[in-house]
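Visitor: This is the structure, below, for whatever I ask next.
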Amino acid sequence: MEENRIIYADHAATTPVLPEVRDAMLPFFAERYGNPSSLHGDGLAARDAVEQGREEAASLIGASAEELFFTSSGTESSNTVLKGCAFAAMTGERRRILVSAVEHPSVLAAADALVPFGFAVERIPVDENGVVSLGVLAERIGADCLLVSVMHANNETGVIQPVKECARIAHGAGALFHTDAVQTVGHIPVDVGELDCDLLSFSGHKLGAPKGIGGLYVRKGTPVTPLLHGGSQERGMRSGTENVPYIVGLGAACLAAAEYLRSGEAAGTAALRDSVEGRLRSLGGCRVNGGGVPRVPGTLNLSFDGIGGESLMLMCDLYGLRISTGSACGMGKGDGISHVLRAMHLPDDVCGGTVRVSIGAGFTASDADAAVEIMSRCVEMLRDAAGKR
Ligand code: PLP
């Protein structure tokens with residue numbers, strides 16, 4: 001194991017800001033600092049930059065610019081969807097919200113927050129691979145359903161959901177359909193027309209833009225009451241002076257992502273992930289969670305018999321390999337067992353031995369070799385220490 005070498009394999013938690021994104025953003029801090037609402041030259045230049053960013057972001061997901069809104073994060077986008085749709089439907093008959101059991105907390109908690117306002121929230125189960133049950137969704141949907149929210153891909157396992165089919169079921173009952181595409185935008189092709197979603201959330205920091213900028217697609221005519229009122233920026237959907245440098249950064253990241261997807265580089269990411277997976281599997285006592293179904297190219301969720309996932313993650317960290325035990329956002333909550341793995345009916349000891357390895361832009365074959373070497377060594381040491389070999 002090479003000393004002082006850092007191998008970053010936690011891209012599902014966040015990605016480094018791409019150099020071209022940083023370069024595009026820099027002038028908008030101290031030189032081109034106008035307020036896009038100002039009518040003088042500096043304001044108009046800032047407005048142009050915001051609208052260019054909007055075109056670039058909208059184009060990546062096949063939306064029109066007028067349907068794309070900027071927020072502070074994926075969390076804010078999904079909160080706007082859940083609460084905004086509920087507030088808009090407050091006086092209507094549709095009072096049920098269906099969400100998959102493996103949604104990110106930004107969807108689950110936002111939905112639960114609507115219960116005191118008279119909405120019922122139901123969680124749709126997933127199978128052992130983490131794929132949402134279309135049968136149960138079809139059974140539970142009805143004329144009293146307001147909204148169905150099923151994520152495009154899961155943040156812990158990378159498992160891709162049958163979103164198009166979920167949208168069809170939701171629309172068949174006249175409900176709205178939202179997908180949290182934070183883990184897919186920039187990583188696999190995402191097209192709002194193809195997915196037939198009414199609402200879609202994504203986040204800049206998962207695709208090479210900084211933390212603190214999100215995107216929200218709202219199909220024209222979808223009733224959403226804004227959460228923030230004030231100066232009516234973002235055509236009233238999200239008041240507050242626009243974060244011009246970050247919007248420029250998100251636009252640049254979306255351009256880079258479009259090129260990444262066109263170039264076929266994603267296949268290289270999947271091949272590296274598969275090679276890491278194959279070598280770690282050969283250690284024995286290793287299970288790939290969600291391995292039997294389509295996943296995003298860079299994400300791998302593994303459970304090792306006989307050791308704790310947190311111990312493995314911490315030991316790998318000491319050797320310079322950054323991985324995680326699951327979702328960075330869920331750390332330190334509840335009993336420590338992932339709601340995603342639990343929903344997949346994995347026994348507690350399997351859940352407890354789980355880590356997520358997630359790779360992306362800049363991760364090389366040599367990084368993959370080093371990651372496998374470090375993980376193999378750490379698994380061996382932890383199993384030895386526990387007397388499990
Ligand atoms: N949804 C999913 C699937 C995520 O993975 C994350 C972040 O990990 C979020 C939502 C939240 O995005 P943000 O960090 O921009 O709030």
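Here's how to read the names in the structure tokens: chain A, B, ... by the order shown, residue numbers from 1 in each chain, ligand numbers from 1 in the order shown.
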Any idea what's packed within 10 Å of Tyr246 of chain A, counting only C-alpha atoms, ignoring anything in its chain fewer than 5 positions away? Could you give it as a list in words?
Guide: Val21, Arg22, Ala24, Met25, Leu26, Phe28, Phe29, Val50, Gly53, Phe70, Ser72, Gly204, Ala209, Pro210, Lys211, Gly212, Ile213, Gly214, Gly251 and Ala252 of chain A
Visitor: Produce as a VMD selection string the set of residues near ligand 1, where near means within 8 Å with only C-alpha atoms and all ligand atoms considered.
Guide: chain A and resid 12 to 14 72 to 76 78 103 to 107 151 153 to 156 180 to 183 201 to 206 211 to 214 327 to 329
Visitor: For the residues in that selection, give me N, CA, C and O atoms as a CSV table (one decimal), in the first residue's frame.
Guide:
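Contents of result-v6.csv, freshly written:
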```csv
chain,number,residue,atom,x,y,z
A,12,ALA,N,-20.6,8.9,-4.9
A,12,ALA,CA,-22.1,9.0,-4.7
A,12,ALA,C,-22.4,10.0,-3.6
A,12,ALA,O,-23.5,10.5,-3.5
A,13,ALA,N,-21.4,10.2,-2.7
A,13,ALA,CA,-21.6,11.2,-1.6
A,13,ALA,C,-21.4,12.6,-2.2
A,13,ALA,O,-22.2,13.5,-2.0
A,14,THR,N,-20.3,12.8,-2.9
A,14,THR,CA,-20.1,14.1,-3.6
A,14,THR,C,-18.9,13.9,-4.6
A,14,THR,O,-18.1,13.0,-4.5
A,72,SER,N,-31.2,25.3,-4.0
A,72,SER,CA,-29.9,25.3,-3.3
A,72,SER,C,-29.4,23.8,-3.3
A,72,SER,O,-28.2,23.6,-3.0
A,73,SER,N,-30.2,22.8,-3.7
A,73,SER,CA,-29.8,21.4,-3.5
A,73,SER,C,-30.8,20.5,-4.0
A,73,SER,O,-32.0,20.8,-4.2
A,74,GLY,N,-30.4,19.2,-4.0
A,74,GLY,CA,-31.4,18.1,-4.3
A,74,GLY,C,-32.5,18.1,-3.2
A,74,GLY,O,-33.6,17.9,-3.5
A,75,THR,N,-32.0,18.3,-2.0
A,75,THR,CA,-33.0,18.3,-0.9
A,75,THR,C,-34.0,19.4,-1.0
A,75,THR,O,-35.2,19.1,-0.9
A,76,GLU,N,-33.6,20.6,-1.4
A,76,GLU,CA,-34.6,21.7,-1.6
A,76,GLU,C,-35.5,21.3,-2.8
A,76,GLU,O,-36.7,21.6,-2.7
A,78,SER,N,-36.5,18.4,-3.9
A,78,SER,CA,-37.6,17.4,-3.5
A,78,SER,C,-38.5,18.0,-2.5
A,78,SER,O,-39.7,17.6,-2.5
A,103,GLU,N,-36.5,5.6,-0.8
A,103,GLU,CA,-36.2,7.0,-1.1
A,103,GLU,C,-35.1,7.6,-0.2
A,103,GLU,O,-35.0,7.2,0.9
A,104,HIS,N,-34.5,8.7,-0.7
A,104,HIS,CA,-33.6,9.4,0.1
A,104,HIS,C,-34.4,10.2,1.2
A,104,HIS,O,-35.6,10.5,1.0
A,105,PRO,N,-33.7,10.4,2.4
A,105,PRO,CA,-34.5,11.2,3.4
A,105,PRO,C,-35.1,12.5,3.0
A,105,PRO,O,-36.1,12.9,3.6
A,106,SER,N,-34.5,13.1,2.0
A,106,SER,CA,-35.1,14.4,1.5
A,106,SER,C,-36.5,14.2,0.9
A,106,SER,O,-37.3,15.2,0.9
A,107,VAL,N,-36.8,13.0,0.5
A,107,VAL,CA,-38.2,12.7,0.0
A,107,VAL,C,-39.0,12.1,1.2
A,107,VAL,O,-40.1,12.6,1.5
A,151,MET,N,-37.5,7.3,-6.8
A,151,MET,CA,-36.2,7.8,-7.2
A,151,MET,C,-35.7,7.1,-8.5
A,151,MET,O,-36.1,5.9,-8.8
A,153,ALA,N,-32.4,6.4,-9.3
A,153,ALA,CA,-31.5,5.4,-8.9
A,153,ALA,C,-31.2,5.6,-7.4
A,153,ALA,O,-31.2,6.7,-6.9
A,154,ASN,N,-31.0,4.5,-6.7
A,154,ASN,CA,-30.7,4.6,-5.3
A,154,ASN,C,-29.3,5.0,-4.9
A,154,ASN,O,-28.4,4.6,-5.6
A,155,ASN,N,-29.2,5.9,-3.9
A,155,ASN,CA,-27.8,6.4,-3.6
A,155,ASN,C,-27.0,5.4,-2.9
A,155,ASN,O,-25.7,5.5,-2.9
A,156,GLU,N,-27.5,4.4,-2.2
A,156,GLU,CA,-26.7,3.4,-1.5
A,156,GLU,C,-26.3,2.2,-2.4
A,156,GLU,O,-25.2,1.7,-2.3
A,180,ASP,N,-36.6,11.5,-8.0
A,180,ASP,CA,-35.4,12.1,-7.5
A,180,ASP,C,-34.2,11.5,-8.3
A,180,ASP,O,-33.9,10.3,-8.2
A,181,ALA,N,-33.7,12.3,-9.2
A,181,ALA,CA,-32.7,11.8,-10.1
A,181,ALA,C,-31.3,12.3,-9.7
A,181,ALA,O,-30.4,12.5,-10.6
A,182,VAL,N,-31.1,12.6,-8.4
A,182,VAL,CA,-29.8,13.1,-8.0
A,182,VAL,C,-28.6,12.1,-8.3
A,182,VAL,O,-27.5,12.6,-8.6
A,183,GLN,N,-28.9,10.8,-8.3
A,183,GLN,CA,-27.8,9.9,-8.6
A,183,GLN,C,-27.7,9.5,-10.0
A,183,GLN,O,-26.8,8.7,-10.4
A,201,SER,N,-35.9,16.0,-9.6
A,201,SER,CA,-34.9,16.8,-8.8
A,201,SER,C,-33.5,16.3,-9.1
A,201,SER,O,-33.3,15.1,-9.4
A,202,PHE,N,-32.5,17.2,-9.2
A,202,PHE,CA,-31.1,16.8,-9.3
A,202,PHE,C,-30.3,17.8,-8.5
A,202,PHE,O,-30.7,18.8,-8.0
A,203,SER,N,-29.0,17.4,-8.4
A,203,SER,CA,-28.1,18.2,-7.5
A,203,SER,C,-26.7,18.4,-8.2
A,203,SER,O,-26.1,17.4,-8.7
A,204,GLY,N,-26.2,19.6,-8.1
A,204,GLY,CA,-24.9,19.9,-8.8
A,204,GLY,C,-23.7,19.1,-8.3
A,204,GLY,O,-22.9,18.7,-9.1
A,205,HIS,N,-23.7,18.9,-7.0
A,205,HIS,CA,-22.4,18.3,-6.5
A,205,HIS,C,-22.2,16.9,-6.7
A,205,HIS,O,-21.2,16.3,-6.4
A,206,LYS,N,-23.2,16.2,-7.4
A,206,LYS,CA,-23.0,14.8,-7.8
A,206,LYS,C,-22.5,14.7,-9.2
A,206,LYS,O,-22.3,13.6,-9.7
A,211,LYS,N,-21.2,22.0,-4.1
A,211,LYS,CA,-22.3,21.8,-3.2
A,211,LYS,C,-23.1,23.1,-3.1
A,211,LYS,O,-22.5,24.1,-3.1
A,212,GLY,N,-24.4,22.9,-3.0
A,212,GLY,CA,-25.2,24.2,-2.8
A,212,GLY,C,-25.9,24.7,-4.0
A,212,GLY,O,-26.4,25.8,-4.0
A,213,ILE,N,-26.0,23.8,-5.0
A,213,ILE,CA,-26.8,24.2,-6.2
A,213,ILE,C,-27.6,23.0,-6.7
A,213,ILE,O,-27.1,21.9,-6.8
A,214,GLY,N,-28.9,23.2,-6.9
A,214,GLY,CA,-29.7,22.1,-7.3
A,214,GLY,C,-30.6,22.5,-8.5
A,214,GLY,O,-30.7,23.7,-8.8
A,327,SER,N,-25.2,6.0,2.9
A,327,SER,CA,-25.4,7.3,2.4
A,327,SER,C,-24.8,8.3,3.4
A,327,SER,O,-25.0,8.2,4.6
A,328,ALA,N,-24.1,9.3,2.9
A,328,ALA,CA,-23.4,10.3,3.8
A,328,ALA,C,-24.5,11.0,4.5
A,328,ALA,O,-24.2,11.4,5.7
A,329,CYS,N,-25.6,11.2,3.9
A,329,CYS,CA,-26.7,12.0,4.6
A,329,CYS,C,-27.4,11.3,5.7
A,329,CYS,O,-28.0,11.9,6.6
```
Visitor: As JSON, numbers by chain, please: the residues near Glu55 of chain A (cut-off 12 Å, only C-alpha atoms, same-chain neighbours under 3 positions excluded).
Guide: {"A": [48, 49, 50, 51, 52, 58, 59, 60, 61, 62, 63, 64, 65, 66, 67, 68, 69, 70, 215, 247, 248, 250, 251, 252, 254, 255]}
Visitor: With C-alpha atoms retained, write the just-selected residues as an mmCIF file, in the first residue's frame.
Guide:
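Okay, this is what ended up in out_34.cif:
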```
data_model
loop_
_atom_site.group_PDB
_atom_site.id
_atom_site.type_symbol
_atom_site.label_atom_id
_atom_site.label_comp_id
_atom_site.auth_asym_id
_atom_site.auth_seq_id
_atom_site.Cartn_x
_atom_site.Cartn_y
_atom_site.Cartn_z
ATOM 1 C CA ASP A 48 -27.498 36.274 -19.499
ATOM 2 C CA ALA A 49 -25.203 33.973 -17.498
ATOM 3 C CA VAL A 50 -28.123 32.595 -15.467
ATOM 4 C CA GLU A 51 -30.200 31.954 -18.585
ATOM 5 C CA GLN A 52 -27.275 30.286 -20.323
ATOM 6 C CA ALA A 58 -32.318 21.908 -19.188
ATOM 7 C CA SER A 59 -30.683 20.469 -22.277
ATOM 8 C CA LEU A 60 -28.965 17.692 -20.263
ATOM 9 C CA ILE A 61 -32.358 16.362 -19.115
ATOM 10 C CA GLY A 62 -34.325 17.040 -22.303
ATOM 11 C CA ALA A 63 -36.379 19.835 -20.691
ATOM 12 C CA SER A 64 -37.184 23.268 -22.018
ATOM 13 C CA ALA A 65 -35.468 26.140 -20.188
ATOM 14 C CA GLU A 66 -38.784 27.515 -18.920
ATOM 15 C CA GLU A 67 -39.410 24.241 -17.054
ATOM 16 C CA LEU A 68 -36.058 24.305 -15.234
ATOM 17 C CA PHE A 69 -35.617 26.067 -11.876
ATOM 18 C CA PHE A 70 -32.521 26.514 -9.738
ATOM 19 C CA GLY A 215 -32.047 21.723 -10.261
ATOM 20 C CA ILE A 247 -25.681 28.425 -11.631
ATOM 21 C CA VAL A 248 -22.858 29.050 -14.122
ATOM 22 C CA LEU A 250 -24.003 23.825 -12.785
ATOM 23 C CA GLY A 251 -24.399 24.770 -16.447
ATOM 24 C CA ALA A 252 -20.725 24.005 -17.128
ATOM 25 C CA CYS A 254 -24.059 19.769 -17.347
ATOM 26 C CA LEU A 255 -22.134 20.523 -20.555
#
```
Visitor: Using only C-alpha atoms, determine which residues lie at most 10 Å from segment 259-268 of chain A, disregarding the query and same-chain residues fewer than 4 positions distant; provide the list as a list in words.
Guide: Leu60, Gly186, His187, Ile188, Pro189, Ala253, Cys254, Leu255, Leu272, Arg273, Asp274, Val296, Pro297, Gly298, Gly360, Ala361, Thr364 and Ala365 of chain A
Visitor: For the residues in the current selection, export all heavy atoms as a compact mmCIF listing (two decimals), in the first residue's frame.
Guide:
```txt
# COMPACT_ATOMS: atom_id res chain seq x y z
N LEU A 60 -29.48 19.00 -20.72
CA LEU A 60 -28.97 17.69 -20.26
C LEU A 60 -30.11 16.72 -19.94
O LEU A 60 -29.96 15.52 -20.08
CB LEU A 60 -28.06 17.87 -19.03
CG LEU A 60 -27.43 16.59 -18.49
CD1 LEU A 60 -26.47 15.96 -19.51
CD2 LEU A 60 -26.69 16.83 -17.18
N GLY A 186 -26.27 13.16 -15.20
CA GLY A 186 -24.82 13.27 -15.44
C GLY A 186 -24.13 11.93 -15.47
O GLY A 186 -22.96 11.83 -15.86
N HIS A 187 -24.83 10.87 -15.04
CA HIS A 187 -24.19 9.54 -14.95
C HIS A 187 -24.76 8.54 -15.95
O HIS A 187 -24.04 7.67 -16.45
CB HIS A 187 -24.31 9.00 -13.52
CG HIS A 187 -23.62 9.90 -12.54
ND1 HIS A 187 -22.27 9.85 -12.30
CD2 HIS A 187 -24.08 10.94 -11.80
CE1 HIS A 187 -21.95 10.79 -11.43
NE2 HIS A 187 -23.03 11.46 -11.11
N ILE A 188 -26.05 8.67 -16.21
CA ILE A 188 -26.68 7.90 -17.29
C ILE A 188 -27.61 8.88 -18.01
O ILE A 188 -27.95 9.93 -17.45
CB ILE A 188 -27.50 6.68 -16.76
CG1 ILE A 188 -28.60 7.12 -15.78
CG2 ILE A 188 -26.59 5.65 -16.10
CD1 ILE A 188 -29.55 5.98 -15.39
N PRO A 189 -28.03 8.56 -19.23
CA PRO A 189 -28.93 9.48 -19.91
C PRO A 189 -30.23 9.66 -19.12
O PRO A 189 -30.81 8.68 -18.65
CB PRO A 189 -29.19 8.79 -21.25
CG PRO A 189 -28.03 7.87 -21.44
CD PRO A 189 -27.64 7.41 -20.06
N ALA A 253 -21.04 22.11 -15.64
CA ALA A 253 -20.99 20.68 -15.27
C ALA A 253 -21.95 19.88 -16.16
O ALA A 253 -21.64 18.74 -16.55
CB ALA A 253 -21.37 20.50 -13.80
N CYS A 254 -23.10 20.47 -16.49
CA CYS A 254 -24.06 19.77 -17.35
C CYS A 254 -23.50 19.62 -18.75
O CYS A 254 -23.68 18.57 -19.40
CB CYS A 254 -25.40 20.50 -17.36
SG CYS A 254 -26.28 20.32 -15.80
N LEU A 255 -22.78 20.65 -19.23
CA LEU A 255 -22.13 20.52 -20.56
C LEU A 255 -21.11 19.40 -20.53
O LEU A 255 -21.04 18.57 -21.44
CB LEU A 255 -21.40 21.83 -20.92
CG LEU A 255 -22.22 23.00 -21.42
CD1 LEU A 255 -21.28 24.16 -21.81
CD2 LEU A 255 -23.06 22.58 -22.63
N LEU A 272 -14.66 -0.52 -14.78
CA LEU A 272 -13.78 -0.43 -13.59
C LEU A 272 -14.52 -0.90 -12.35
O LEU A 272 -13.98 -1.64 -11.51
CB LEU A 272 -13.35 1.02 -13.36
CG LEU A 272 -12.07 1.51 -14.02
CD1 LEU A 272 -11.75 2.91 -13.55
CD2 LEU A 272 -10.90 0.57 -13.70
N ARG A 273 -15.76 -0.45 -12.21
CA ARG A 273 -16.58 -0.88 -11.06
C ARG A 273 -16.72 -2.41 -11.05
O ARG A 273 -16.55 -3.06 -10.02
CB ARG A 273 -17.96 -0.21 -11.15
CG ARG A 273 -18.89 -0.39 -9.96
CD ARG A 273 -19.88 -1.55 -10.05
NE ARG A 273 -20.53 -1.74 -11.31
CZ ARG A 273 -21.70 -1.20 -11.67
NH1 ARG A 273 -22.33 -0.42 -10.86
NH2 ARG A 273 -22.22 -1.47 -12.87
N ASP A 274 -16.99 -2.97 -12.24
CA ASP A 274 -17.17 -4.43 -12.31
C ASP A 274 -15.89 -5.17 -11.98
O ASP A 274 -15.91 -6.24 -11.37
CB ASP A 274 -17.68 -4.84 -13.71
CG ASP A 274 -19.10 -4.33 -13.94
OD1 ASP A 274 -19.76 -3.93 -12.96
OD2 ASP A 274 -19.54 -4.32 -15.11
N VAL A 296 -26.43 2.25 -11.71
CA VAL A 296 -25.64 3.33 -12.31
C VAL A 296 -24.20 2.82 -12.40
O VAL A 296 -23.79 1.95 -11.62
CB VAL A 296 -25.72 4.65 -11.50
CG1 VAL A 296 -27.08 5.29 -11.63
CG2 VAL A 296 -25.39 4.44 -10.02
N PRO A 297 -23.40 3.36 -13.34
CA PRO A 297 -22.11 2.75 -13.64
C PRO A 297 -21.11 2.72 -12.48
O PRO A 297 -20.31 1.80 -12.38
CB PRO A 297 -21.55 3.62 -14.77
CG PRO A 297 -22.70 4.36 -15.33
CD PRO A 297 -23.74 4.46 -14.26
N GLY A 298 -21.14 3.72 -11.57
CA GLY A 298 -20.03 3.83 -10.63
C GLY A 298 -20.26 3.26 -9.24
O GLY A 298 -19.34 3.27 -8.42
N GLY A 360 -16.00 7.52 -10.09
CA GLY A 360 -16.48 8.43 -11.13
C GLY A 360 -15.30 9.06 -11.84
O GLY A 360 -14.20 8.49 -11.87
N ALA A 361 -15.54 10.26 -12.39
CA ALA A 361 -14.54 10.94 -13.21
C ALA A 361 -13.19 11.01 -12.47
O ALA A 361 -13.15 11.34 -11.29
CB ALA A 361 -15.02 12.35 -13.53
N THR A 364 -8.95 5.97 -11.82
CA THR A 364 -8.21 5.25 -12.86
C THR A 364 -8.11 3.75 -12.55
O THR A 364 -8.45 3.31 -11.44
CB THR A 364 -6.76 5.79 -12.94
OG1 THR A 364 -6.14 5.52 -11.66
CG2 THR A 364 -6.74 7.29 -13.21
N ALA A 365 -7.58 3.01 -13.52
CA ALA A 365 -7.39 1.57 -13.32
C ALA A 365 -6.39 1.34 -12.18
O ALA A 365 -6.53 0.39 -11.39
CB ALA A 365 -6.88 0.93 -14.61
```
Visitor: When you draw a straight line from atom CA of Leu318 of chain A to atom CA of Thr15 of chain A, how long is it in Å?
Guide: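 Separation between atom CA of Leu318 of chain A and atom CA of Thr15 of chain A: 20.5 Å.
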Visitor: List the spatial neighbours of Leu137 of chain A as a PyMOL selection string - criterion: any atom at most 10 Å away, only C-alpha atoms, same-chain residues fewer than 3 positions off excluded.
Guide: chain A and resi 98-100+122-125+132-134+140-142+148+166+169-170
Visitor: Those residues you just picked out, can you put them in a file as an mmCIF file, in the first residue's frame with N, CA, C and O atoms?
Guide:
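Done, and the output landed in part_30.cif:
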```
data_model
loop_
_atom_site.group_PDB
_atom_site.id
_atom_site.type_symbol
_atom_site.label_atom_id
_atom_site.label_comp_id
_atom_site.auth_asym_id
_atom_site.auth_seq_id
_atom_site.Cartn_x
_atom_site.Cartn_y
_atom_site.Cartn_z
ATOM 1 N N LEU A 98 -47.654 8.467 -2.370
ATOM 2 C CA LEU A 98 -46.965 7.176 -2.375
ATOM 3 C C LEU A 98 -45.493 7.399 -2.682
ATOM 4 O O LEU A 98 -45.160 8.087 -3.656
ATOM 5 N N VAL A 99 -44.638 6.818 -1.848
ATOM 6 C CA VAL A 99 -43.184 6.955 -2.061
ATOM 7 C C VAL A 99 -42.574 5.561 -1.959
ATOM 8 O O VAL A 99 -43.106 4.695 -1.249
ATOM 9 N N SER A 100 -41.452 5.323 -2.629
ATOM 10 C CA SER A 100 -40.832 4.005 -2.473
ATOM 11 C C SER A 100 -40.162 3.957 -1.100
ATOM 12 O O SER A 100 -39.796 4.998 -0.532
ATOM 13 N N GLU A 122 -47.762 6.623 2.130
ATOM 14 C CA GLU A 122 -47.567 5.163 2.115
ATOM 15 C C GLU A 122 -46.259 4.839 1.414
ATOM 16 O O GLU A 122 -45.934 5.450 0.396
ATOM 17 N N ARG A 123 -45.539 3.861 1.999
ATOM 18 C CA ARG A 123 -44.263 3.453 1.407
ATOM 19 C C ARG A 123 -44.449 2.187 0.578
ATOM 20 O O ARG A 123 -44.955 1.184 1.086
ATOM 21 N N ILE A 124 -44.033 2.226 -0.646
ATOM 22 C CA ILE A 124 -44.161 1.067 -1.537
ATOM 23 C C ILE A 124 -42.924 0.188 -1.358
ATOM 24 O O ILE A 124 -41.794 0.678 -1.479
ATOM 25 N N PRO A 125 -43.126 -1.106 -1.069
ATOM 26 C CA PRO A 125 -41.972 -1.970 -0.788
ATOM 27 C C PRO A 125 -41.106 -2.237 -2.024
ATOM 28 O O PRO A 125 -41.537 -2.018 -3.163
ATOM 29 N N VAL A 132 -38.460 -1.326 -6.753
ATOM 30 C CA VAL A 132 -39.804 -1.057 -6.247
ATOM 31 C C VAL A 132 -40.823 -2.011 -6.890
ATOM 32 O O VAL A 132 -40.706 -2.360 -8.065
ATOM 33 N N SER A 133 -41.800 -2.417 -6.085
ATOM 34 C CA SER A 133 -42.812 -3.360 -6.579
ATOM 35 C C SER A 133 -43.878 -2.612 -7.388
ATOM 36 O O SER A 133 -44.683 -1.857 -6.831
ATOM 37 N N LEU A 134 -43.883 -2.863 -8.695
ATOM 38 C CA LEU A 134 -44.888 -2.214 -9.557
ATOM 39 C C LEU A 134 -46.279 -2.759 -9.238
ATOM 40 O O LEU A 134 -47.267 -2.031 -9.320
ATOM 41 N N ARG A 140 -52.029 0.017 -4.890
ATOM 42 C CA ARG A 140 -52.283 1.098 -3.918
ATOM 43 C C ARG A 140 -52.714 2.413 -4.574
ATOM 44 O O ARG A 140 -53.234 3.294 -3.908
ATOM 45 N N ILE A 141 -52.431 2.551 -5.862
ATOM 46 C CA ILE A 141 -52.761 3.821 -6.515
ATOM 47 C C ILE A 141 -54.289 3.947 -6.572
ATOM 48 O O ILE A 141 -55.005 2.945 -6.521
ATOM 49 N N GLY A 142 -54.759 5.168 -6.612
ATOM 50 C CA GLY A 142 -56.212 5.349 -6.695
ATOM 51 C C GLY A 142 -56.532 6.808 -6.957
ATOM 52 O O GLY A 142 -55.626 7.663 -7.014
ATOM 53 N N VAL A 148 -46.919 10.433 -6.701
ATOM 54 C CA VAL A 148 -46.069 9.255 -6.520
ATOM 55 C C VAL A 148 -44.636 9.734 -6.694
ATOM 56 O O VAL A 148 -44.330 10.463 -7.635
ATOM 57 N N CYS A 166 -43.501 3.376 -13.350
ATOM 58 C CA CYS A 166 -44.129 4.029 -12.182
ATOM 59 C C CYS A 166 -44.922 5.248 -12.646
ATOM 60 O O CYS A 166 -46.041 5.500 -12.160
ATOM 61 N N ILE A 169 -48.209 4.201 -14.157
ATOM 62 C CA ILE A 169 -49.205 3.807 -13.139
ATOM 63 C C ILE A 169 -49.778 5.062 -12.460
ATOM 64 O O ILE A 169 -50.992 5.199 -12.281
ATOM 65 N N ALA A 170 -48.885 5.994 -12.105
ATOM 66 C CA ALA A 170 -49.340 7.236 -11.437
ATOM 67 C C ALA A 170 -50.303 7.983 -12.357
ATOM 68 O O ALA A 170 -51.406 8.373 -11.949
#
```
Visitor: Name all residues at most 10 Å from Arg5 of chain A (count only C-alpha atoms; drop same-chain ones fewer than 6 positions away) and give them as a list in words.
Guide: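 Residues meeting the cut-off are Tyr319, Gly320, Leu321, Asp367 and Ala370 of chain A.
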Visitor: Just all heavy atoms for this one: save the residues we selected as an mmCIF file, in the first residue's frame.
Guide:
```
data_model
loop_
_atom_site.group_PDB
_atom_site.id
_atom_site.type_symbol
_atom_site.label_atom_id
_atom_site.label_comp_id
_atom_site.auth_asym_id
_atom_site.auth_seq_id
_atom_site.Cartn_x
_atom_site.Cartn_y
_atom_site.Cartn_z
ATOM 1 N N TYR A 319 -5.706 3.892 5.431
ATOM 2 C CA TYR A 319 -4.800 3.578 4.324
ATOM 3 C C TYR A 319 -5.033 4.466 3.105
ATOM 4 O O TYR A 319 -4.505 4.212 2.028
ATOM 5 C CB TYR A 319 -4.934 2.100 3.942
ATOM 6 C CG TYR A 319 -4.361 1.180 4.996
ATOM 7 C CD1 TYR A 319 -5.197 0.473 5.847
ATOM 8 C CD2 TYR A 319 -2.982 1.053 5.151
ATOM 9 C CE1 TYR A 319 -4.672 -0.353 6.831
ATOM 10 C CE2 TYR A 319 -2.454 0.234 6.136
ATOM 11 C CZ TYR A 319 -3.303 -0.465 6.970
ATOM 12 O OH TYR A 319 -2.772 -1.278 7.952
ATOM 13 N N GLY A 320 -5.857 5.493 3.273
ATOM 14 C CA GLY A 320 -6.029 6.480 2.192
ATOM 15 C C GLY A 320 -7.157 6.181 1.229
ATOM 16 O O GLY A 320 -7.302 6.884 0.227
ATOM 17 N N LEU A 321 -7.959 5.159 1.512
ATOM 18 C CA LEU A 321 -9.075 4.849 0.603
ATOM 19 C C LEU A 321 -10.374 5.376 1.203
ATOM 20 O O LEU A 321 -10.792 4.955 2.279
ATOM 21 C CB LEU A 321 -9.181 3.328 0.388
ATOM 22 C CG LEU A 321 -10.422 2.862 -0.394
ATOM 23 C CD1 LEU A 321 -10.431 3.424 -1.807
ATOM 24 C CD2 LEU A 321 -10.497 1.332 -0.425
ATOM 25 N N ASP A 367 -6.049 3.321 -9.605
ATOM 26 C CA ASP A 367 -6.827 3.557 -8.372
ATOM 27 C C ASP A 367 -7.624 2.299 -8.015
ATOM 28 O O ASP A 367 -7.736 1.925 -6.838
ATOM 29 C CB ASP A 367 -7.821 4.715 -8.545
ATOM 30 C CG ASP A 367 -7.121 6.066 -8.679
ATOM 31 O OD1 ASP A 367 -5.995 6.210 -8.163
ATOM 32 O OD2 ASP A 367 -7.719 6.962 -9.311
ATOM 33 N N ALA A 370 -5.356 -0.259 -6.486
ATOM 34 C CA ALA A 370 -4.985 0.105 -5.114
ATOM 35 C C ALA A 370 -6.177 -0.069 -4.172
ATOM 36 O O ALA A 370 -6.027 -0.541 -3.031
ATOM 37 C CB ALA A 370 -4.477 1.548 -5.086
#
```
Visitor: Quick one, how far is atom CA of Leu195 of chain A from atom CA of Thr269 of chain A?
Guide: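 Going from atom CA of Leu195 of chain A over to atom CA of Thr269 of chain A, I get 23.6 Å.
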Visitor: Restricting the calculation to only C-alpha atoms, which member of A:Pro245, A:Pro27, A:Gly308, A:Pro226 is positioned closest to Leu82 of chain A?
Guide: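 Among the listed residues, A:Pro226 lies closest to Leu82 of chain A.
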Visitor: Give the helix (DSSP H, G or I) residues of segment 129-168 of chain A, as assigned by DSSP on the backbone, as a VMD selection string.
Guide: chain A and resid 134 to 140 163 to 168
Visitor: Mind pulling up the distance from atom CA of Asp191 of chain A to atom CA of Asn243 of chain A?
Guide: 25.2 Å
Visitor: Nearest residue to Gly284 of chain A out of A:Arg356, A:Arg342, A:Arg383, A:Arg219, using only C-alpha atoms?
Guide: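 Among the listed residues, A:Arg383 lies closest to Gly284 of chain A.
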Visitor: Each residue of segment 139-167 of chain A lying at most 9 Å from segment 286-293 of chain A should get a row with its shortest atom-to-atom pair and the distance in Å to one decimal, counting only C-alpha atoms; could you produce that, ordered by chain and increasing number, as CSV?
Guide:
```
residue,atom,partner,partner_atom,distance
A:Thr157,CA,A:Gly290,CA,6.0
A:Gly158,CA,A:Gly290,CA,7.6
A:Val159,CA,A:Gly290,CA,6.0
A:Ile160,CA,A:Val293,CA,7.8
```
